[in-house]
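Inspection log for the structure reproduced underneath, given as structure tokens.
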Amino acid sequence: MKPRSLQQAFTGFGFIGLWIIGLGVFTVYPVLASLYYSFCDYSILQKPVWIGWENYHNLVRDDLFWKSLWNTLFFAAFSVPLGLVVSLALALLLNCEVRGRAIFRTLFFLPSIVPIVASSMLWLWIFNGEHGILNYALTPVFQLWGGMPPAWLGDPAWAKPALILMSLWGVGNSMIIYLAGLQGVPKELYESATIDGAGAWSRFWNITLPMISPVIYFNLVMGIIGALQVFTQAFIMAGGPAGNPSRSTLFYSLYLFSTAFYDLRMGYASAMAWILFLIIALLTWLATRAAGRNIHYSN
Amino acid sequence: MLPVYAALIAGAVLFSFPLLWLVLTALKPIEQTMVFPPQFVPKAYYAEVEGRKVEVVLGPKVEEPSSWGEVIAGPQAGSRVLVSPDAKADPNFRWIKDVPAGWRVVTERGEKLSAPGSGAADVVPPEAIESRVKLRWGNFPTALAMMGGRSLEELEGTAPSVNSGEDARAGFPLFLANTVIVCVLGVLGAVFANAIIAYGFARLRWPGRDALFAVTIATMMIPAAVLMVPLYGVFKSLGWIGTLLPLWAPAWFGSAFNIFLLRQFFRTLPEDISEAARIDGCSEWRIFWNIILPLSTPALAVVALFHFLFAWNDFMGPLMYLTNKRSFTLALALQEYQSQHTGVQWQYLMAASAVTILPIIVLFFFAQKTFIRGIATTGGKG
Amino acid sequence: MKRRTFLKGSLGAALALSSPLLSGCRKATSDGRIHVTYWEKWGGNEAPAMRAVVDQFNASQDRITVDFLSVSQIDRKVTIAIAGGDPPDIAGLWSYNLAALADMDAILPLGEFMAAEGVSREEWLQRYTSGLTPLFRYHGEVFGLPSTPFASALHWNKTMFRQAGLDPEWPPGTVEELDEMARQLTRKDPHTGQLSQLGFLPSEPGYWTWAFGPWFGAPLFNAAGAVNLAHAPGQLAAMRWVRQYTEEFGLDATRRFTSGFSGASTQQSPFLTGKIAMMFQGPWINRSIRLYAPGLDYGVSPWPHVPGTNPAPFVTVDSDAVAICRGSRHPEAAWEFIKFLSSSNPAAETESDLRGMETVCFLQEKPSPLRVWSPYFTNHHPNPYVGKFREFMASPNATTTPVVGIWQEYARELEHATNDVRLLKATPEEALNYAQQRVQRSWVRHQKSMERQAGAAAKV
């Protein structure tokens with residue numbers, strides 16, 4: 001190597017050194033170790049014992065694994081699309097020339113930065129079956145059909161919908177991203193379309209959506225990754241990792257966490273983690289493929 | 001435009017009501033949190049009891065004029081009851097006085113109508129009750145003390161403290177200090193480490209740079225769950241479990257997302273300024289420190305803000321690593337408080353929650369622009 | 001280990017400057033005493049009872065101070081703290097946690113400490129009432145000792161019996177009588193069909209659903225050591241009995257009736273409010289009765305007899321337990337406290353004479369696990385039925401939870417199955433088959449894992 005490039009390498013690695021340690025200790029080693037543990041009987045208090053595919057073999061026969069996967073996919077299947085629609089709708093409203101836009105934007109955005117622990121407490125109170133404000137508001141609605149509002153977090157059929165509803169309160173983040181995307185759409189496009197006689201719907205469908213498709217894709221992927229790892233709100237609102245009531249909120253991360261840290265079955269939990277990894281990778285790939293045909297990149 | 005405003009206002013009401021409800025609940029006395037229909041504004045009630053106007057708590061409503069007296073026989077003997085006036089003839093009942101229809105009230109001294117020996121056998125007609133808005137700010141200190149593991153009885157002075165030793169002294173101030181330490185040290189680490197690393201990726205040329213950068217980006221795909229178990233082992237072997245270190249120290253070694261963010265920004269700065277400095281004989285470090293960093297404050301602010309938000313809100317990390325109470329952060333302390341008091345004191349839980357939210361809201365109002373810009377960039381360039 | 005040294009070297013060096021400042025490391029104690037950390041699961045009004053013993057111990061000598069901390073969800077927190085190498089010294093658990101933690105190698109065997117006192121494990125266990133000792137024997141070792149014990153018994157409300165025209169001094173002697181009396185004690189609103197009072201409900205308070213099968217004559221593990229749910233007639237009979245209550249009183253009606261109930265020992269406990277006339281309960285309910293329903297006229301008796309099973313009185317016996325965590329910095333000092341807790345003053349004549357075990361049991365209104373009771377404890381106990389509980393704990397038909405490492409999982413599955421049957425979501429056969437399959441699989445896996453760990457340890 002020439003002295004100059006050697007020096008460049010030295011300087012480069014000098015700047016990058018921290019990251020090489022960080023990458024090694026906090027990412028590469030854990031990834032490899034996790035893969036190894038997933039083939040082991042490992043409790044952290046004792047040494048890992050190699051058991052081949054047994055963890056994976058047991059996983060596919062474990063009803064709770066499937067149940068937690070189902071709960072998680074159910075949650076994701078509703079919270080992600082609903083979140084996309086609600087945040088896009090809010091962004092479209094804010095993108096109109098309205099007075100007090102900054103105030104509205106603040107009100108919509110603020111809930112998304114509220115600490116999840118605190119917002120879980122708040123929604124626990126709102127969803128409370130007996131004294132909750134939500135059921136007070138909904139009672140007249142349900143009475144139209146002669147029914148009573150559900151007990152939400154106390155009812156296996158309504159606990160997941162409750163958490164989905166709660167997740168919509170935190171869409172402010174993706175709303176801001178949409179808003180930035182919408183503001184990047186050139187005004188001339190709308191003007192010329194209006195001249196051509198296109199209605200509001202047609203402008204939205206033919207101009208807005210294609211122009212912000214990269215942003216939709218970004219929010220979709222982020223939404224999927226986030227929803228598949230849902231943990232804190234379920235942990236707090238169900239009072240622990242059991243997924244009460246009746247395992248209806250036993251999400252994948254919850255089952256994984258309790259397997260690892262309460263049962264100390266770290267090997268089994270590692271196998272679960274790798275399956276989650278594969279599922280996330282698969283869904284992201286599917287989203288990318290679906291998007292590949294439909295995304296419009298300007299620039 | 002009218003439908004747009006209508007939709008915006010409806011949305012604003014739906015999005016802001018939960019936080020408003022949190023604050024309103026936090027400022028109520030307990031009995032007003034559990035009335036049906038709900039009472040929106042915290043109030044205080046005043047009535048004339050024994051010739052004095054005092055603040056009272058509304059008990060159940062008495063629909064008809066009744067008699068108040070004591071049961072003198074049977075298993076309920078000694079208890080005081082409110083019965084229909086005909087029961088006066090019952091030999092097991094000792095009549096004390098007649099009361100009108102209205103609200104049963106309890107005075108602040110907590111004397112309950114049913115308590116033996118209580119003189120507060122008061123039913124006040126609705127029109128004789130005055131109400132005024134009164135915010136119970138006192139709920140906040142109580143909630144924070146309870147978050148530190150103190151019981152209500154202990155705070156009222158009717159029971160001694162249960163916990164002892166160092167952990168018993170850990171309370172809200174320590175939890176707040178822990179949270180601030182995690183946030184501040186984490187933010188410092190995130191800003192400096194990522195800036196240094198991103199500079200290496202953005203503005204220096206060295207063998208393997210692009211490959212390593214590709215690896216860096218790829219690591220963003222890895223879900224936290226995969227790293228969780230081995231990281232616990234790493235921190236354990238370092239002796240860091242039960243300390244704050246696992247929550248902030250890793251930030252000093254960079255994170256893929258922030259490296260990416262800052263690298264993008266550094267690349268937008270013209271190469272000429274570095275070249276000029278190099279010709280003047282500046283070292284790379286000087287260029288980085290004296291020239292590039294000052295130009296990059298907007299991007300660094302985004303990194304700092306995001307890390308602060310992440311560290312303040314983090315729950316799973318503290319749940320795993322903070323095994324003793326002295327090391328609790330606010331998020332974990334709030335959850336611990338809630339799990340110890342599964343039940344009914346919603347006003348305290350809401351007050352404690354409000355306190356953990358407040359700094360984030362304040363931060364938002366000071367750094368609104370940075371927030372919005374930061375989020376917009378991460379999404380737009382993603 | 002090489003990997004660990006590497007990690008310690010590189011990261012430790014990088015943070016050598018900051019870590020002592022910010023890691024919240026333990027300060028040396030200033031009072032010169034050894035400080036032992038004790039986490040206890042109790043909160044509310046039960047914690048002060050144990051704190052009183054801690055204070056006695058701290059005052060009884062000048063070498064060791066026990067620092068007491070009430071901790072919620074303790075079994076989980078202790079596990080994670082032990083796994084992370086930062087545990088408390090002593091953990092106040094439930095006896096059913098011991099086997100699981102012992103299997104994880106997370107708590108210390110106490111046999112050595114006993115040997116140092118010159119006492120064998122069995123000799124030590126002889127101090128306790130016979131019904132209790134099976135909970136503390138595991139693979140020939142002792143991993144924890146009792147703090148407060150309790151037996152479950154049928155509590156019945158004598159006033160409600162009188163109102164229903166039943167003899168208040170005659171609790172049900174058999175299951176048939178229980179069912180019949182439950183019918184007679186139940187009140188329904190003739191117009192709306194809503195329940196206003198129930199005689200008995202198997203799901204209230206729901207602490208002992210695991211014992212229904214053994215009560216009906218089917219132990220939870222069969223003679224061959226396999227999970228005994230699906231093909232055991234007793235289990236099936238118990239599940240049918242549970243289902244029969246829902247069928248008789250109506251799913252919606254019972255659900256609506258029970259929705260307002262809260263914890264069994266709080267003010268809203270249906271037994272305290274006179275909503276349910278008969279309930280399985282433990283001795284602690286006496287305190288709640290004194291506080292929230294003074295004057296409630298009640299009696300206690302063993303679980304009603306199931307025809308064809310052991311004729312001796314059936315009760316369940318449980319215990320709270322204290323154990324020393326692996327990684328404890330002062331195991332020997334921790335043992336000193338446990339030893340103190342296991343003792344009493346057999347000559348106590350006044351309340352202030354009470355020591356150790358009798359103090360905490362007295363304050364929690366429970367029986368003492370020790371065979372020998374002091375005169376004051378026996379004669380002035382706040383629970384009028386403490387003598388009966390003492391008898392129950394010594395019954396030859398006293399049933400305990402099986403001491404196995406997968407007990408929590410077993411109990412979880414069984415509870416799930418019982419709930420499904422109660423809510424008519426599954427037939428007794430379906431629910432038991434499902435639970436059998438899950439628990440048995442987990443049991444096999446657990447045993448295999450134990451063998452493997454033992455094998456790996458033997459190689460080293």
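Just so we're on the same page: first chain in the structure tokens is A, next is B, and so on; residues restart at 1 for each chain, and ligands are numbered from 1 in the order they show up.
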
Report the closest atom pair, with its distance in Å rounded to one decimal, for each residue of chain B that has an atom no farther than 6 Å from chain C; count only C-alpha atoms, sort by chain and then rising residue number, and write it as JSON lines.
```
{"residue": "B:Pro75", "atom": "CA", "partner": "C:Gly295", "partner_atom": "CA", "distance": 5.5}
{"residue": "B:Val162", "atom": "CA", "partner": "C:Pro48", "partner_atom": "CA", "distance": 5.6}
{"residue": "B:Asn163", "atom": "CA", "partner": "C:Leu69", "partner_atom": "CA", "distance": 4.7}
{"residue": "B:Ser164", "atom": "CA", "partner": "C:Asp67", "partner_atom": "CA", "distance": 5.1}
{"residue": "B:Gly165", "atom": "CA", "partner": "C:Asp67", "partner_atom": "CA", "distance": 4.6}
{"residue": "B:Lys236", "atom": "CA", "partner": "C:Gly84", "partner_atom": "CA", "distance": 5.4}
{"residue": "B:Leu238", "atom": "CA", "partner": "C:Lys8", "partner_atom": "CA", "distance": 5.8}
{"residue": "B:Ile241", "atom": "CA", "partner": "C:Gly84", "partner_atom": "CA", "distance": 5.6}
{"residue": "B:Thr243", "atom": "CA", "partner": "C:Ser23", "partner_atom": "CA", "distance": 4.9}
{"residue": "B:Leu244", "atom": "CA", "partner": "C:Ser23", "partner_atom": "CA", "distance": 5.7}
{"residue": "B:Leu245", "atom": "CA", "partner": "C:Ser23", "partner_atom": "CA", "distance": 5.9}
{"residue": "B:Thr323", "atom": "CA", "partner": "C:Ala81", "partner_atom": "CA", "distance": 5.4}
{"residue": "B:Gln340", "atom": "CA", "partner": "C:Ser72", "partner_atom": "CA", "distance": 5.6}
```

All strand (DSSP E) residues (DSSP, backbone) inside range 64-214 of chain C, as a ChimeraX atom specification: /C:64-70,90-94,145-157,187-188,195-197

Any chance you could tabulate, as a tab-separated table, the residues of chain A at most 12 Å from chain C with each one's nearest atom pair and distance in Å to one decimal, using only C-alpha atoms, in chain and rising number order?
```
residue	atom	partner	partner_atom	distance
A:Gly17	CA	C:Ser10	CA	12.0
A:Leu18	CA	C:Ala14	CA	10.0
A:Ile20	CA	C:Ser10	CA	11.8
A:Ile21	CA	C:Ser10	CA	8.4
A:Gly22	CA	C:Leu11	CA	9.5
A:Gly24	CA	C:Leu7	CA	10.2
A:Val25	CA	C:Leu7	CA	7.7
A:Phe26	CA	C:Leu7	CA	10.7
A:Tyr29	CA	C:Arg3	CA	10.0
A:Ala33	CA	C:Arg3	CA	11.3
A:Cys40	CA	C:Ser449	CA	10.3
A:Asp41	CA	C:Ser449	CA	7.0
A:Tyr42	CA	C:Gln453	CA	9.0
A:Ser43	CA	C:Met104	CA	7.1
A:Ile44	CA	C:Ala83	CA	6.4
A:Leu45	CA	C:Ala83	CA	6.2
A:Gln46	CA	C:Gln453	CA	7.6
A:Lys47	CA	C:Ala456	CA	8.0
A:Pro48	CA	C:Gln453	CA	8.6
A:Val49	CA	C:Ala456	CA	7.1
A:Trp50	CA	C:Arg452	CA	9.6
A:Ile51	CA	C:Arg452	CA	9.3
A:Glu54	CA	C:Arg445	CA	10.0
A:Asn55	CA	C:Arg445	CA	10.2
A:His57	CA	C:Arg445	CA	11.8
A:Asn58	CA	C:Arg445	CA	9.0
A:Leu59	CA	C:Ser442	CA	11.6
A:Arg61	CA	C:Arg438	CA	9.6
A:Asp62	CA	C:Arg438	CA	8.1
A:Asp63	CA	C:Arg438	CA	8.2
A:Leu64	CA	C:Arg438	CA	9.7
A:Gly129	CA	C:Ser259	CA	9.7
A:Glu130	CA	C:Gly260	CA	8.6
A:His131	CA	C:Gly260	CA	11.7
A:Met148	CA	C:Arg256	CA	11.7
A:Ala151	CA	C:Ser259	CA	9.8
A:Gly154	CA	C:Ser259	CA	9.8
A:Asp155	CA	C:Ser259	CA	11.2
A:Gly239	CA	C:Gln73	CA	9.7
A:Gly240	CA	C:Gln73	CA	8.5
A:Pro241	CA	C:Arg76	CA	10.0
A:Ala242	CA	C:Arg412	CA	9.4
A:Asn244	CA	C:His416	CA	11.0
A:Pro245	CA	C:His416	CA	10.4
A:Ser246	CA	C:His416	CA	7.4
A:Arg247	CA	C:His416	CA	9.3
A:Phe257	CA	C:Ile80	CA	10.8
A:Ser258	CA	C:Arg76	CA	8.7
A:Thr259	CA	C:Arg76	CA	11.0
A:Ala260	CA	C:Ile80	CA	9.2
A:Phe261	CA	C:Ile80	CA	5.6
A:Tyr262	CA	C:Arg76	CA	5.3
A:Asp263	CA	C:Thr79	CA	8.0
A:Leu264	CA	C:Met104	CA	7.6
A:Arg265	CA	C:Met104	CA	9.4
A:Met266	CA	C:Ala83	CA	10.6
A:Gly267	CA	C:Ser449	CA	11.4
A:Tyr268	CA	C:Arg445	CA	11.5
```

Picked from range 90-192 of chain A by DSSP as alpha helix (DSSP H), as JSON, numbers by chain: {"A": [90, 91, 92, 93, 94, 95, 101, 102, 103, 104, 105, 106, 107, 108, 109, 116, 117, 118, 119, 120, 121, 122, 123, 124, 125, 126, 133, 134, 135, 136, 137, 138, 139, 140, 141, 142, 143, 159, 160, 161, 162, 163, 164, 165, 166, 167, 168, 172, 173, 174, 175, 176, 177, 178, 179, 180, 181, 182, 183, 187, 188, 189, 190, 191, 192]}

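Among B:Arg263, B:Tyr232, B:Gly281, B:Ser274, the residue with the shortest atom-to-atom distance to Pro318 in chain B, counting only C-alpha atoms, is B:Tyr232.
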
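With only C-alpha atoms as the atoms that count, the minimum distance from chain B to the choices A:Leu278, A:Val215, A:Leu168, A:Ala137 is reached by A:Val215.
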
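Here CA of Leu135 in chain B and CA of Phe172 in chain B stand 22.2 Å from one another.
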